[in-house]
Structure formats: C-alpha cells, structure tokens
$ cat start36.txt   # compact mmCIF, C-alpha atoms and all ligand atoms
# COMPACT_ATOMS: atom_id res chain seq x y z
CA MET A 5 -11.05 -29.24 0.45
CA LEU A 6 -10.96 -30.40 4.05
CA CYS A 7 -7.31 -29.62 4.06
CA LEU A 8 -7.90 -26.06 2.70
CA ARG A 9 -10.64 -25.44 5.27
CA ALA A 10 -8.36 -26.68 8.06
CA THR A 11 -5.60 -24.34 6.82
CA LEU A 12 -8.00 -21.38 6.66
CA CYS A 13 -9.31 -22.17 10.15
CA ARG A 14 -5.77 -22.43 11.47
CA ARG A 15 -4.86 -19.09 9.85
CA ALA A 16 -7.97 -17.44 11.32
CA SER A 17 -7.20 -18.76 14.80
CA GLN A 18 -3.55 -17.69 14.44
CA ARG A 19 -4.73 -14.17 13.49
CA LEU A 20 -7.01 -14.16 16.55
CA LEU A 21 -4.12 -15.28 18.75
CA VAL A 22 -1.88 -12.58 17.31
CA ARG A 23 -4.60 -9.94 17.86
CA ARG A 24 -5.08 -11.12 21.44
CA ARG A 25 -1.32 -11.02 22.04
CA LEU A 26 -1.05 -7.56 20.54
CA ALA A 27 -3.88 -6.29 22.74
CA ARG A 28 -1.95 -7.46 25.78
CA ASP A 29 1.28 -5.76 26.73
CA PHE A 30 4.41 -7.87 26.47
CA THR A 31 7.01 -8.23 29.23
CA ILE A 32 10.59 -9.38 28.70
CA ALA A 33 12.52 -10.37 31.86
CA ILE A 34 16.31 -10.56 31.58
CA ASP A 35 18.16 -12.03 34.55
CA GLY A 36 21.70 -13.23 35.10
CA PRO A 37 24.92 -12.73 37.08
CA ALA A 38 26.85 -9.44 37.33
CA ALA A 39 28.22 -7.96 34.09
CA SER A 40 26.71 -10.67 31.88
CA GLY A 41 25.37 -7.97 29.52
CA LYS A 42 21.83 -7.70 30.89
CA SER A 43 21.39 -3.95 30.91
CA SER A 44 23.10 -3.12 27.59
CA THR A 45 21.19 -5.97 25.91
CA ALA A 46 17.87 -5.02 27.53
CA ARG A 47 18.23 -1.39 26.36
CA ALA A 48 19.09 -2.37 22.79
CA VAL A 49 16.20 -4.89 22.69
CA ALA A 50 13.82 -2.22 24.04
CA LEU A 51 15.01 0.19 21.35
CA GLU A 52 14.62 -2.45 18.62
CA LEU A 53 11.06 -3.33 19.69
CA GLY A 54 9.96 0.19 20.73
CA PHE A 55 9.44 -0.98 24.34
CA GLY A 56 10.10 0.77 27.66
CA TYR A 57 13.04 -0.25 29.84
CA ILE A 58 13.64 -0.62 33.59
CA ASP A 59 17.02 -1.37 35.19
CA SER A 60 15.99 -2.92 38.52
CA GLY A 61 19.59 -3.09 39.78
CA SER A 62 19.79 0.71 39.73
CA ILE A 63 16.98 0.86 42.35
CA TYR A 64 19.01 -1.39 44.70
CA ARG A 65 22.02 0.81 43.93
CA CYS A 66 19.98 3.93 44.90
CA ALA A 67 18.95 2.20 48.16
CA THR A 68 22.65 1.50 48.79
CA LEU A 69 23.55 5.14 48.14
CA LEU A 70 20.89 6.16 50.68
CA ALA A 71 22.49 3.76 53.21
CA LEU A 72 26.00 5.17 52.57
CA ARG A 73 24.91 8.81 52.70
CA ASN A 74 23.06 8.21 55.97
CA ASN A 75 25.88 6.21 57.58
CA ILE A 76 23.95 2.95 57.67
CA ALA A 77 26.96 0.69 57.18
CA ASP A 78 25.40 -2.30 58.93
CA VAL A 79 22.23 -3.09 57.02
CA SER A 80 21.09 -5.82 59.45
CA THR A 81 20.81 -3.35 62.35
CA GLY A 82 19.86 -0.29 60.28
CA ALA A 83 17.24 -1.94 58.04
CA THR A 84 14.26 -0.13 59.61
CA ASP A 85 15.87 3.29 59.07
CA LEU A 86 16.88 2.37 55.53
CA ILE A 87 13.39 1.11 54.62
CA ASP A 88 11.96 4.36 55.98
CA LEU A 89 14.41 6.34 53.80
CA ILE A 90 13.53 4.28 50.71
CA ASN A 91 9.80 4.76 51.32
CA LYS A 92 10.30 8.54 51.53
CA SER A 93 12.47 8.72 48.40
CA SER A 94 11.65 8.93 44.73
CA VAL A 95 13.55 6.98 42.07
CA ASP A 96 13.14 7.74 38.41
CA ILE A 97 14.68 5.90 35.46
CA LYS A 98 14.89 8.06 32.35
CA PHE A 99 15.30 5.78 29.35
CA GLN A 100 16.47 7.90 26.41
CA PRO A 101 16.05 5.94 23.15
CA SER A 102 16.87 9.09 21.18
CA SER A 103 20.28 9.47 22.84
CA THR A 104 22.42 6.43 22.02
CA ARG A 105 26.10 5.65 22.33
CA SER A 106 28.36 2.73 21.45
CA ALA A 107 29.02 0.49 24.41
CA PRO A 108 32.74 0.87 25.29
CA ASN A 109 33.99 -2.55 24.28
CA LEU A 110 31.78 -2.90 21.23
CA ILE A 111 33.59 -0.40 19.05
CA THR A 112 33.25 -2.58 15.98
CA GLY A 113 29.55 -3.27 16.54
CA ARG A 114 26.79 -1.64 14.52
CA LEU A 115 24.36 -1.48 17.40
CA SER A 116 24.11 1.41 19.81
CA VAL A 117 22.88 1.35 23.37
CA PRO A 118 20.34 3.98 24.49
CA ASP A 119 21.36 6.15 27.42
CA VAL A 120 19.66 5.83 30.81
CA ARG A 121 19.78 8.42 33.60
CA ILE A 122 18.92 7.49 37.18
CA LEU A 123 17.37 10.15 39.41
CA LEU A 124 17.22 9.74 43.19
CA ASN A 125 15.03 12.42 44.74
CA GLU A 126 15.44 14.28 41.43
CA GLU A 127 19.26 14.27 41.68
CA ASP A 128 21.12 12.57 38.81
CA VAL A 129 23.09 9.79 40.52
CA SER A 130 23.82 7.73 37.38
CA GLU A 131 27.60 7.82 37.87
CA GLU A 132 27.65 7.77 41.67
CA ILE A 133 25.69 4.50 41.95
CA ARG A 134 28.38 2.71 39.89
CA LYS A 135 31.22 3.63 42.30
CA PRO A 136 33.26 0.86 44.05
CA GLU A 137 31.78 1.62 47.51
CA VAL A 138 28.27 1.00 46.12
CA ASN A 139 29.46 -2.19 44.35
CA ARG A 140 30.86 -3.46 47.64
CA LEU A 141 27.66 -2.91 49.68
CA VAL A 142 24.80 -3.41 47.22
CA ALA A 143 24.41 -7.21 47.54
CA LYS A 144 24.20 -6.88 51.33
CA VAL A 145 21.50 -4.20 51.03
CA ALA A 146 19.61 -6.30 48.45
CA SER A 147 19.66 -9.37 50.72
CA ASP A 148 17.34 -7.75 53.26
CA GLY A 149 13.71 -8.90 52.89
CA GLY A 150 12.26 -5.56 54.09
CA VAL A 151 14.44 -3.58 51.65
CA ARG A 152 13.29 -5.87 48.81
CA THR A 153 9.63 -5.27 49.69
CA ALA A 154 10.21 -1.49 49.66
CA VAL A 155 12.01 -1.73 46.29
CA LEU A 156 9.27 -3.96 44.85
CA GLY A 157 6.71 -1.14 45.04
CA ILE A 158 9.07 1.23 43.18
CA GLN A 159 9.88 -1.45 40.58
CA ARG A 160 6.26 -2.22 39.71
CA ALA A 161 5.25 1.46 39.57
CA LEU A 162 8.21 2.29 37.30
CA ALA A 163 7.48 -0.70 35.05
CA SER A 164 3.85 0.22 34.50
CA ALA A 165 4.81 3.85 33.78
CA ALA A 166 7.58 2.79 31.36
CA GLU A 167 5.53 0.19 29.49
CA THR A 168 4.62 1.28 25.97
CA ARG A 169 1.07 0.41 24.88
CA SER A 170 0.01 -1.41 21.74
CA THR A 171 -1.26 0.98 19.08
CA SER A 172 -2.67 0.87 15.58
CA VAL A 173 -0.97 2.98 12.93
CA ALA A 174 -1.69 3.51 9.25
CA GLY A 175 0.97 1.80 7.12
CA LYS A 176 1.32 1.26 3.37
CA ASP A 177 -0.50 -2.11 3.73
CA GLY A 178 -3.39 -0.63 5.75
CA VAL A 179 -3.71 -0.38 9.53
CA VAL A 180 -0.85 -2.08 11.34
CA SER A 181 -0.80 -3.06 15.02
CA VAL A 182 2.33 -2.05 16.88
CA PRO A 183 2.74 -4.09 20.08
CA GLY A 184 3.78 -2.41 23.32
CA GLY A 185 5.70 -3.69 26.30
CA VAL A 186 8.58 -3.35 28.70
CA VAL A 187 11.99 -4.96 29.19
CA MET A 188 13.26 -5.26 32.77
CA ASP A 189 16.61 -6.67 33.85
CA GLY A 190 17.87 -7.84 37.24
CA ARG A 191 18.22 -11.01 39.30
CA ASP A 192 14.66 -12.07 40.16
CA ILE A 193 12.56 -10.54 37.38
CA GLY A 194 11.49 -13.84 35.76
CA THR A 195 11.21 -15.72 39.07
CA THR A 196 9.57 -13.19 41.42
CA ILE A 197 8.74 -9.80 39.90
CA PHE A 198 7.10 -10.91 36.66
CA PRO A 199 6.64 -14.71 36.95
CA ASN A 200 4.17 -14.52 34.04
CA ALA A 201 6.51 -12.57 31.73
CA GLU A 202 5.90 -13.58 28.11
CA LEU A 203 9.64 -13.98 27.51
CA LYS A 204 12.29 -14.79 30.12
CA ILE A 205 15.98 -14.72 29.30
CA TYR A 206 18.82 -15.87 31.54
CA LEU A 207 21.96 -14.21 30.21
CA ASP A 208 25.33 -15.63 31.20
CA ALA A 209 29.02 -15.43 30.21
CA SER A 210 32.24 -16.87 31.63
CA ALA A 211 33.56 -15.23 34.80
CA MET A 212 36.70 -14.03 32.96
CA ALA A 213 34.75 -12.52 30.02
CA ARG A 214 32.51 -10.65 32.46
CA ALA A 215 35.45 -9.30 34.50
CA ILE A 216 37.31 -8.13 31.36
CA ARG A 217 34.18 -6.43 29.96
CA ARG A 218 33.53 -4.60 33.23
CA TRP A 219 37.20 -3.56 33.49
CA ASP A 220 37.07 -2.32 29.91
CA GLU A 221 33.91 -0.36 30.68
CA MET A 222 35.51 1.31 33.73
CA ASN A 223 38.67 2.07 31.74
CA SER A 224 36.60 3.85 29.07
CA SER A 225 34.75 5.91 31.70
CA LEU A 226 38.09 6.93 33.22
CA LYS A 227 39.42 7.98 29.80
CA GLN A 228 36.29 10.07 29.25
CA ALA A 229 36.63 11.68 32.70
CA ARG A 230 40.31 12.50 31.92
CA ALA A 231 39.38 14.09 28.62
CA ALA A 232 36.69 16.19 30.30
CA ASP A 233 38.85 17.35 33.26
CA PRO A 234 42.05 19.27 32.33
CA ALA A 235 43.49 18.89 35.87
CA LEU A 236 43.18 15.09 35.64
CA ALA A 237 44.61 15.09 32.10
CA ALA A 238 47.63 17.17 33.23
CA GLY A 239 48.25 14.84 36.19
CA ASP A 240 47.59 17.69 38.72
CA LYS A 241 44.80 15.69 40.31
CA ALA A 242 44.94 12.02 41.38
CA PRO A 243 42.69 9.77 39.29
CA ALA A 244 39.90 7.88 41.03
CA GLU A 245 40.61 4.49 42.60
CA TYR A 246 41.06 2.14 39.65
CA PRO A 247 40.72 -1.61 40.16
CA SER A 248 42.62 -4.33 38.29
CA VAL A 249 40.85 -7.10 36.30
CA GLU A 250 41.62 -9.46 39.23
CA ASP A 251 39.99 -7.04 41.72
CA ILE A 252 36.91 -6.82 39.51
CA ALA A 253 36.73 -10.60 39.05
CA ARG A 254 36.84 -11.02 42.84
CA GLU A 255 34.14 -8.38 43.39
CA LEU A 256 31.83 -9.96 40.78
CA GLU A 257 32.38 -13.42 42.26
CA GLU A 258 31.55 -12.22 45.78
CA ARG A 259 28.45 -10.38 44.61
CA ASP A 260 27.22 -13.38 42.57
CA TYR A 261 27.81 -15.68 45.55
CA ALA A 262 25.75 -13.36 47.80
CA ASP A 263 22.98 -13.03 45.17
CA ILE A 264 22.74 -16.80 44.59
CA ASN A 265 22.86 -17.78 48.26
CA ARG A 266 20.58 -15.21 49.89
CA GLU A 267 17.28 -16.19 51.48
CA HIS A 268 14.97 -13.73 49.67
CA SER A 269 14.58 -13.93 45.88
CA PRO A 270 17.98 -15.50 45.15
CA LEU A 271 19.36 -15.44 41.61
CA ARG A 272 17.94 -18.56 39.90
CA ILE A 273 17.22 -19.63 36.33
CA ALA A 274 13.44 -19.54 35.93
CA LYS A 275 12.06 -22.91 34.76
CA ASP A 276 10.73 -21.41 31.53
CA ALA A 277 13.71 -19.13 30.81
CA VAL A 278 15.75 -19.27 27.61
CA VAL A 279 19.41 -19.52 28.68
CA ILE A 280 21.89 -17.61 26.50
CA ASP A 281 25.64 -17.84 27.13
CA ASN A 282 27.12 -14.88 25.27
CA THR A 283 30.83 -15.53 26.01
CA ALA A 284 31.51 -16.09 22.31
CA MET A 285 28.60 -14.13 20.88
CA THR A 286 28.63 -10.67 19.37
CA PHE A 287 26.43 -8.05 20.96
CA GLU A 288 24.31 -7.95 17.80
CA GLN A 289 23.73 -11.71 17.84
CA GLN A 290 22.43 -11.62 21.40
CA VAL A 291 20.22 -8.55 20.86
CA TYR A 292 18.77 -9.71 17.54
CA SER A 293 18.12 -13.26 18.72
CA ILE A 294 16.21 -12.00 21.80
CA ALA A 295 14.23 -9.49 19.71
CA ASP A 296 13.30 -12.27 17.25
CA LEU A 297 12.29 -14.61 20.09
CA ALA A 298 9.96 -11.84 21.28
CA ARG A 299 8.60 -11.34 17.75
CA ASP A 300 7.92 -15.10 17.48
CA ARG A 301 5.93 -15.03 20.70
CA MET A 302 4.01 -11.92 19.63
CA GLY A 303 3.12 -13.63 16.36
CA LEU A 304 5.17 -11.13 14.33
CA GLU A 305 7.61 -11.80 11.52
CA ARG A 306 11.25 -12.42 12.49
CA LYS A 307 13.72 -9.83 11.19
CA HIS A 308 17.18 -11.27 11.68
CA ASP A 309 17.28 -14.80 10.32
CA ASP A 310 20.35 -13.75 8.28
CA LEU A 311 22.58 -13.77 11.39
N1 LIG B 401 28.37 -10.09 23.59
C1 LIG B 401 29.13 -9.15 24.12
N2 LIG B 401 30.43 -9.05 23.75
C2 LIG B 401 31.25 -8.13 24.31
N3 LIG B 401 30.86 -7.24 25.26
C3 LIG B 401 29.58 -7.29 25.66
C4 LIG B 401 28.65 -8.23 25.13
N4 LIG B 401 27.45 -8.03 25.75
C5 LIG B 401 27.62 -7.01 26.62
N5 LIG B 401 28.89 -6.55 26.57
C6 LIG B 401 29.51 -5.48 27.38
O1 LIG B 401 29.71 -6.00 28.70
C7 LIG B 401 29.69 -4.92 29.63
C8 LIG B 401 28.74 -5.29 30.77
O2 LIG B 401 27.42 -5.28 30.24
P1 LIG B 401 26.19 -4.75 31.09
O3 LIG B 401 25.06 -4.67 30.15
O4 LIG B 401 26.54 -3.55 31.90
O5 LIG B 401 25.99 -6.01 32.09
P2 LIG B 401 25.05 -6.20 33.34
O6 LIG B 401 23.87 -5.30 33.19
O7 LIG B 401 24.67 -7.66 33.26
O8 LIG B 401 25.87 -5.89 34.53
C9 LIG B 401 29.25 -3.66 28.87
O9 LIG B 401 30.38 -2.87 28.59
C10 LIG B 401 28.66 -4.23 27.58
O10 LIG B 401 28.83 -3.34 26.51
N1 LIG B 402 16.33 -7.57 40.52
C1 LIG B 402 17.46 -7.33 41.18
C2 LIG B 402 18.43 -6.46 40.64
C3 LIG B 402 19.59 -6.24 41.35
N2 LIG B 402 19.76 -6.80 42.58
C4 LIG B 402 20.92 -6.50 43.43
O1 LIG B 402 21.54 -5.30 42.98
C5 LIG B 402 22.91 -5.54 42.68
C6 LIG B 402 23.34 -4.62 41.54
O2 LIG B 402 22.61 -5.01 40.37
P1 LIG B 402 23.05 -4.49 38.92
O3 LIG B 402 22.15 -5.15 37.95
O4 LIG B 402 23.10 -3.01 38.92
O5 LIG B 402 24.52 -5.07 38.84
P2 LIG B 402 25.44 -5.31 37.58
O6 LIG B 402 25.13 -6.68 37.07
O7 LIG B 402 25.12 -4.25 36.56
O8 LIG B 402 26.82 -5.18 38.12
C7 LIG B 402 23.01 -7.04 42.41
O9 LIG B 402 24.31 -7.58 42.65
C8 LIG B 402 21.98 -7.59 43.39
O10 LIG B 402 22.52 -7.72 44.67
C9 LIG B 402 18.80 -7.66 43.09
O11 LIG B 402 18.97 -8.20 44.18
N3 LIG B 402 17.66 -7.90 42.38
$ encode --input "start36.txt" --output "structure tokens" --more "lines below"
Ligand SMILES: Nc1ncnc2c1ncn2[C@@H]1O[C@H](COP(=O)(O)OP(=O)(O)O)[C@@H](O)[C@H]1O
Ligand SMILES: Nc1ccn([C@@H]2O[C@H](COP(=O)(O)OP(=O)(O)O)[C@@H](O)[C@H]2O)c(=O)n1
Amino acid sequence: MLCLRATLCRRASQRLLVRRRLARDFTIAIDGPAASGKSSTARAVALELGFGYIDSGSIYRCATLLALRNNIADVSTGATDLIDLINKSSVDIKFQPSSTRSAPNLITGRLSVPDVRILLNEEDVSEEIRKPEVNRLVAKVASDGGVRTAVLGIQRALASAAETRSTSVAGKDGVVSVPGGVVMDGRDIGTTIFPNAELKIYLDASAMARAIRRWDEMNSSLKQARAADPALAAGDKAPAEYPSVEDIARELEERDYADINREHSPLRIAKDAVVIDNTAMTFEQQVYSIADLARDRMGLERKHDDL
C-alpha cells in the first residue's frame, strides 16, 4: 500500500515536472570545432523536434563579409569601424523546415537537412559567406571582444524570434502538449551565450574526417554550380578556386587553433556538455541520439531506441 502510494506520488510529481518543463522553452546548444557536423545536425534535430534553429557562425561570417566589402583587412585597427557597420546592419536567418535536401556526403542516409538562407541587409549572402576569403578571415574577426559584443545582441534577438513556443493540441488521446524551443550551434553557445541551456552537446570528429567531409561538401557545390552554368560546364569559364583536402585540413586546423586560443569566449567543452565523437557514426545516429536526449530531459518518450 505504502509502495503503491509512493509510486502514485512519484508519478504525480513526474507529471508536474514534465508540465513545468513543457511550459518552459527548451534550448539545445551544439558546440564543437570546424566541420564537426554542428549545423547539419542542429538543423535535422530542430526539424525532428519542431524547434527553431540559429546558426551563430553565419553571423560572424556576415561580420567578416562586412569587413571585406569595406576594406577592413586589419581587424585590430579597424574594429571600431567594423562594430559600427555591424550595429547598423540587419542579419536574418531563414530556417526553412519545409525545404529539405540531402547533405552532400550522406547520399545513403534517410535523413534530410532543412535549408537555411542568410540575409545581410536583406541581401541573400548564403553562398558568399562560405567563400575561402571569408574562411580565412572569420576567426580573426570573431576574436575581437567588441565584435563579439555586437554579434551577441543579434544572436539573442534572432534566438528569441526563432524559438517555437510550447502549445497544446488535440490528439487522439486527448489534449497533448507540444514543447517548443530552439537549437543554436557555434563555439561558445553552451559556455557563454546560453550557459543555462537544458541540453549542451559538444560535437567532435577526427581532423581527417572533418577535412574530407568539408572537401566533399565543396566538391558537390562545385558540381551543382557547373550543372547550372553552361559556360562553366563547357569549360569556357574558369572554375572557382578549388582547394585540396590538405588545404582544407590546414585551414580548419588554423581556425580551430585561433578559436581555442583566443581571449574572448574561446572554444571549450562546457562542464555539463554531452561529448559526441561522430567520426564513426552515421548522421542518423547522431541526430536521433541528440533528439532522444532532448526528449528524455523534456520528460517525453524516446523514439529511436532501435538504433
Ligand atoms: N556523421 C556524419 N557522417 C558523415 N558526414 C557527416 C556526418 N555529420 C555531418 N556530416 C557532413 O559533414 C559536413 C560538415 O558538416 P556541417 O554541419 O557543415 O559542420 P559544421 O557546422 O560543424 O561546420 C556536411 O557535409 C555534413 O553533411
Ligand atoms: N558561436 C560562435 C560561432 C562561430 N564563431 C566563429 O565563426 C567562425 C565560423 O563559424 P562556422 O560555425 O560558420 O564555421 P564552420 O564550423 O561551419 O566551418 C568560427 O571559426 C569562429 O571563429 C565564433 O567565434 N563563435
């Protein structure tokens, strides 16, 4: 009898906990080194859970594009001008769960990755911010404390706009609560931006796996550009600068070194982060295990124990 009452009490308090958690919005922070799979994973997790998504790296990339377009090559001397430009600019991240595509090197996978478009002052710069000149300068731009403060405001505003809210919907078993939340990926999301995030993931993979995946991704984009441009396809126009796997590995290593060793918000594993090395994992395994970790913490049923 005592045992039954204790069980009932525990169930009631679990239900209360679940209700409280559902009433609160849920934040998932995904950090890690370059090309470890943060953004593709974050988008697929957001799609799976019905959450919003923010790619914080794209804001630093937009800041870098502003520096390049305004001839601010030396960030240490031009920081004041750059901060002024950032403060006057608008950045928008359009997460499009309804428009999905297979990630380039995941041809055999069943999961798709939702598209994201990045608008800087209403101009679509999604492709331009991924160019080699931006890759080369972005870590330098992101190391400046003043630039980070300017970006922080944009990040928080975008996150609260993107966050989906918990709702109640009528289901076949009565009214069901659907939790809301946001997934944000970057370098300092779990340590600085959302230190109280309900779930923190540190995603990693070997340096070689990351370089090959990024090379593969760039190769696929080039193939698509060739198919779309008859002059490129016919060889009448020179293709864009195309780095080797070794070039990419070097660029990733330099950027990681700068991100880990900078003074402001360096890349660190948050104390309470779950570390996932996906070198030998499939994309589905990493997405489903993160989504189920989130479901556990929201007090919801897991969906992918079969993996
Ligand atoms: N487990 C995995 N196996 C193979 N490729 C993966 C895996 N996870 C991610 N990728 C691929 O690695 C590349 C880099 O991922 P991305 O999400 O852009 O990384 P990041 O945001 O950390 O830079 C993408 O092409 C993505 O599809
Ligand atoms: N939260 C963040 C996100 C990105 N960044 C900086 O922005 C750069 C580009 O981030 P990204 O996430 O787009 O890079 P990839 O891992 O996709 O190559 C990083 O190398 C960091 O220098 C940061 O400092 N803090």
$ closest_residue --input "start36.txt" --among "A:Ile122, A:Ile158, A:Ala39, A:Thr196" --to "ligand LIG 401 (chain B)" --atoms "all atoms listed in the file"
A:Ala39
$ atom_distance --input "start36.txt" --atom1 "CA of Ile197 (chain A)" --atom2 "CA of Ala284 (chain A)"
29.5 Å
$ residues_near_ligand --input "start36.txt" --ligand "ligand LIG 401 (chain B)" --cutoff "10 Å" --atoms "all atoms listed in the file" --output "MDAnalysis selection string"
chainID A and resid 34:48 59:62 106:111 113 116:117 189:191 207:209 213:222 224 256 281:291
$ axis_aligned_box --input "start36.txt" --around "ligand LIG 402 (chain B)" --padding-each-side "8 Å" --output "lines of an AutoDock Vina configuration file"
center_x = 21.6
center_y = -5.6
center_z = 40.6
size_x = 26.5
size_y = 21.2
size_z = 24.1
$ residues_around --input "start36.txt" --residues "Ala262 (chain A)" --least-positions-apart "3" --cutoff "9 Å" --atoms "all atoms listed in the file" --output "PDB file with C-alpha atoms, in the coordinates of the input"
ATOM      1  CA  ALA A 143      24.410  -7.210  47.540  1.00  0.00           C
ATOM      2  CA  LYS A 144      24.200  -6.880  51.330  1.00  0.00           C
ATOM      3  CA  SER A 147      19.660  -9.370  50.720  1.00  0.00           C
ATOM      4  CA  GLU A 257      32.380 -13.420  42.260  1.00  0.00           C
ATOM      5  CA  GLU A 258      31.550 -12.220  45.780  1.00  0.00           C
ATOM      6  CA  ARG A 259      28.450 -10.380  44.610  1.00  0.00           C
ATOM      7  CA  ASN A 265      22.860 -17.780  48.260  1.00  0.00           C
ATOM      8  CA  ARG A 266      20.580 -15.210  49.890  1.00  0.00           C
ATOM      9  CA  PRO A 270      17.980 -15.500  45.150  1.00  0.00           C
TER      10      PRO A 270
END
$ atom_distance --input "start36.txt" --atom1 "CA of Tyr206 (chain A)" --atom2 "CA of Ser170 (chain A)"
25.7 Å
$ closest_residue --input "start36.txt" --among "A:Arg272, A:Arg152, A:Arg114, A:His308" --to "ligand LIG 402 (chain B)" --atoms "all atoms listed in the file"
A:Arg152
$ closest_residue --input "start36.txt" --among "A:Ser94, A:Ala231, A:Ala161, A:Leu226" --to "Tyr246 (chain A)" --atoms "only C-alpha atoms"
A:Leu226
$ closest_residue --input "start36.txt" --among "A:Arg121, A:Lys98, A:Arg301, A:Arg134" --to "ligand LIG 402 (chain B)" --atoms "all atoms listed in the file"
A:Arg134
$ atom_distance --input "start36.txt" --atom1 "CA of Thr104 (chain A)" --atom2 "CA of Glu52 (chain A)"
12.3 Å
$ residues_near_point --input "start36.txt" --point "(31.9, -2.6, 47.1)" --cutoff "12 Å" --atoms "all atoms listed in the file" --output "MDAnalysis selection string"
chainID A and resid 65 68:69 72 77 133:145 247 251:252 254:259
$ closest_residue --input "start36.txt" --among "A:Ser164, A:Ser103, A:Gln228, A:Ser93" --to "Leu124 (chain A)" --atoms "only C-alpha atoms"
A:Ser93
$ closest_residue --input "start36.txt" --among "A:Ser210, A:Ser130, A:Ser102, A:Ser269" --to "ligand LIG 402 (chain B)" --atoms "only C-alpha atoms and all ligand atoms"
A:Ser269
